[in-house]
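Student: Pasting a structure below so you can have a look.
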Amino acid sequence: MTALGAPAVIAVLLGVSGLCGPLLLRAAAPLLMRIPRLAVALLLAGMAAWLLAAAALSLVLAWSLSGPRLLPGAYGEVCQRCLAASSPFAAGHTVQTGLPVALLMLLPALGATLLLGRLLHHLLASHRQARSLSARIVGSARRTRVAGHEVWLLRDARPLAFALPRSKGGIVISDGLRGQLADRELTAVLAHEQAHLQQRHHLILSVLGAVTEPLRWIPLARAIADAAPHYLEIAADSRARACSGTPALASALLKIGAPAHPGPLPARPGGPAALLHAGGPDRIRQLVAPARGGAALAPLSALALLMLGLTIVTICVHLSYLQVMLAGCVLPE
């Protein structure tokens, strides 16, 4: 492959997956809904592969282009030798440009630093949001034990059920929920909320939101951010079905999704990572009549091949640089 052919292949993979990925995700949904926890893991891995492949594109361009050196003299010569040692292309097969190659190598490090900073900021903001929300909700509730679960009980006639992060209070339900649900329905709802806590869904959504929020202009990132919460709800539904059965869970979701006294919740979070609801009549169809998965096999396979291609590219490029870094470069005295 030529020096410019490799960046072109990576750019095509990034473009096709970034633009067509959402279409393939929607078409593959009937199969992904059958394996919700694995689906979330695949979404997270796909987002990571796309970002690492984007970094690899910058590094491959550093192999393919040549330009002025930022470090003059012997230090610049050492950096040039290290770059040549990591490149799979023959010496001299580069395109001369006015762009310093060192900038191309620094871009992935700069992007990773910004992404890490964004992640830490988002996690701290989510922590403050959850703490404030917990203080408002817990301040008007009482601690009790319902169907084997420690919960906060709100004085509210509506059938409310949601989960705060475990350290911020955990499961919250209302008096209206206890009054309107039968025992098996209540058990199903509590098992659903307990699954959110045990499977750390709040943390998953918080991390995913931090990574994808500044990248929502990329269709694939936006589709992953929108799909992950839905699959986490289905994963919690699977736990609830195992505890109480499908009829009890479907009946409970229907009652929670259509409150008798509409109005705002006691507190409204700024994002999905702070508060996860059990309600959702849109999921009842998946419970009682799941879509056939046969037609979803082809788009899921195509999406998997795209992600595999990005992963192979990422490993090949980053491994080449890693080997040079581990071998080390002799600096001039």
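Ordered as shown in the structure tokens, chains take letters A, B, and onward, while each chain numbers its residues from 1 and ligands are numbered from 1 in the order shown.
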Give me, as a ChimeraX atom specification, all polymer residues having an atom no more than 8 Å from stretch 147-158 of chain A, counting only C-alpha atoms and skipping those fewer than 3 positions away in the same chain.
Tutor: /A:137-138,140-144,169-177,186-187,190,259-262
Student: Could those selected residues go to a file with N, CA and C atoms, as a PDB file, in the first residue's frame?
Tutor:
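And here's part.pdb as it stands now:
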```
ATOM      1  N   ILE A 137     -34.856  15.208  46.908  1.00  0.00           N
ATOM      2  CA  ILE A 137     -35.804  14.094  46.944  1.00  0.00           C
ATOM      3  C   ILE A 137     -35.825  13.430  48.312  1.00  0.00           C
ATOM      4  N   VAL A 138     -34.643  13.115  48.819  1.00  0.00           N
ATOM      5  CA  VAL A 138     -34.559  12.410  50.097  1.00  0.00           C
ATOM      6  C   VAL A 138     -35.076  13.286  51.233  1.00  0.00           C
ATOM      7  N   SER A 140     -37.652  15.006  51.302  1.00  0.00           N
ATOM      8  CA  SER A 140     -39.112  14.923  51.414  1.00  0.00           C
ATOM      9  C   SER A 140     -39.607  13.483  51.438  1.00  0.00           C
ATOM     10  N   ALA A 141     -38.708  12.526  51.660  1.00  0.00           N
ATOM     11  CA  ALA A 141     -39.085  11.105  51.653  1.00  0.00           C
ATOM     12  C   ALA A 141     -38.687  10.466  52.982  1.00  0.00           C
ATOM     13  N   ARG A 142     -39.158   9.251  53.179  1.00  0.00           N
ATOM     14  CA  ARG A 142     -38.797   8.506  54.382  1.00  0.00           C
ATOM     15  C   ARG A 142     -38.207   7.160  53.966  1.00  0.00           C
ATOM     16  N   ARG A 143     -37.244   6.702  54.733  1.00  0.00           N
ATOM     17  CA  ARG A 143     -36.574   5.442  54.447  1.00  0.00           C
ATOM     18  C   ARG A 143     -37.405   4.285  54.973  1.00  0.00           C
ATOM     19  N   THR A 144     -37.595   3.270  54.120  1.00  0.00           N
ATOM     20  CA  THR A 144     -38.360   2.104  54.540  1.00  0.00           C
ATOM     21  C   THR A 144     -37.918   0.898  53.723  1.00  0.00           C
ATOM     22  N   GLY A 169     -28.539   7.661  47.335  1.00  0.00           N
ATOM     23  CA  GLY A 169     -29.871   7.321  47.828  1.00  0.00           C
ATOM     24  C   GLY A 169     -30.427   6.028  47.288  1.00  0.00           C
ATOM     25  N   GLY A 170     -30.111   5.663  46.039  1.00  0.00           N
ATOM     26  CA  GLY A 170     -30.611   4.414  45.483  1.00  0.00           C
ATOM     27  C   GLY A 170     -32.043   4.513  44.986  1.00  0.00           C
ATOM     28  N   ILE A 171     -32.854   3.535  45.331  1.00  0.00           N
ATOM     29  CA  ILE A 171     -34.208   3.414  44.776  1.00  0.00           C
ATOM     30  C   ILE A 171     -35.159   4.380  45.478  1.00  0.00           C
ATOM     31  N   VAL A 172     -35.988   5.062  44.657  1.00  0.00           N
ATOM     32  CA  VAL A 172     -37.017   5.966  45.168  1.00  0.00           C
ATOM     33  C   VAL A 172     -38.351   5.560  44.545  1.00  0.00           C
ATOM     34  N   ILE A 173     -39.377   5.374  45.381  1.00  0.00           N
ATOM     35  CA  ILE A 173     -40.721   5.090  44.881  1.00  0.00           C
ATOM     36  C   ILE A 173     -41.701   6.000  45.622  1.00  0.00           C
ATOM     37  N   SER A 174     -42.927   6.004  45.153  1.00  0.00           N
ATOM     38  CA  SER A 174     -43.950   6.866  45.750  1.00  0.00           C
ATOM     39  C   SER A 174     -45.036   6.030  46.424  1.00  0.00           C
ATOM     40  N   ASP A 175     -45.775   6.710  47.300  1.00  0.00           N
ATOM     41  CA  ASP A 175     -46.946   6.060  47.900  1.00  0.00           C
ATOM     42  C   ASP A 175     -47.932   5.618  46.823  1.00  0.00           C
ATOM     43  N   GLY A 176     -48.059   6.427  45.764  1.00  0.00           N
ATOM     44  CA  GLY A 176     -48.969   6.083  44.673  1.00  0.00           C
ATOM     45  C   GLY A 176     -48.585   4.794  43.997  1.00  0.00           C
ATOM     46  N   LEU A 177     -47.282   4.537  43.881  1.00  0.00           N
ATOM     47  CA  LEU A 177     -46.833   3.291  43.259  1.00  0.00           C
ATOM     48  C   LEU A 177     -47.260   2.099  44.110  1.00  0.00           C
ATOM     49  N   LEU A 186     -45.051  -4.725  41.817  1.00  0.00           N
ATOM     50  CA  LEU A 186     -44.133  -3.933  42.637  1.00  0.00           C
ATOM     51  C   LEU A 186     -42.765  -4.616  42.726  1.00  0.00           C
ATOM     52  N   THR A 187     -42.773  -5.924  42.874  1.00  0.00           N
ATOM     53  CA  THR A 187     -41.510  -6.673  42.905  1.00  0.00           C
ATOM     54  C   THR A 187     -40.744  -6.501  41.598  1.00  0.00           C
ATOM     55  N   LEU A 190     -39.164  -2.950  41.483  1.00  0.00           N
ATOM     56  CA  LEU A 190     -38.014  -2.836  42.373  1.00  0.00           C
ATOM     57  C   LEU A 190     -36.817  -3.632  41.841  1.00  0.00           C
ATOM     58  N   PRO A 259     -49.426   8.012  34.406  1.00  0.00           N
ATOM     59  CA  PRO A 259     -49.813   8.398  35.758  1.00  0.00           C
ATOM     60  C   PRO A 259     -51.198   9.008  35.800  1.00  0.00           C
ATOM     61  N   ALA A 260     -51.889   8.753  36.903  1.00  0.00           N
ATOM     62  CA  ALA A 260     -53.260   9.253  37.034  1.00  0.00           C
ATOM     63  C   ALA A 260     -53.309  10.748  37.270  1.00  0.00           C
ATOM     64  N   HIS A 261     -52.232  11.306  37.829  1.00  0.00           N
ATOM     65  CA  HIS A 261     -52.199  12.736  38.139  1.00  0.00           C
ATOM     66  C   HIS A 261     -50.965  13.347  37.504  1.00  0.00           C
ATOM     67  N   PRO A 262     -51.047  13.752  36.237  1.00  0.00           N
ATOM     68  CA  PRO A 262     -49.860  14.259  35.569  1.00  0.00           C
ATOM     69  C   PRO A 262     -49.330  15.516  36.242  1.00  0.00           C
TER      70      PRO A 262
END
```
Student: Residues within 10 Å of stretch 198-209 of chain A, please, as a ChimeraX atom specification. Count only C-alpha atoms; anything in the same chain fewer than 4 positions from it doesn't count.
Tutor: /A:37,40-41,43-44,47,118-120,122-127,163-166,193-194,213-216,221-222,224-226,228-229,232-233,235-236,271-276
Student: Find the spatial neighbours of A:Ile234, counting only C-alpha atoms, within a cut-off of 9 Å - ignore same-chain residues fewer than 6 positions away - and output them as a PyMOL selection string.
Tutor: chain A and resi 33-37+283+286-287
Student: When distances are computed from only C-alpha atoms, which of A:Val288, A:Val189, A:Ile218, A:Leu197 shows the smallest separation from A:Leu253?
Tutor: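 Result for the nearest residue to A:Leu253: A:Val189.
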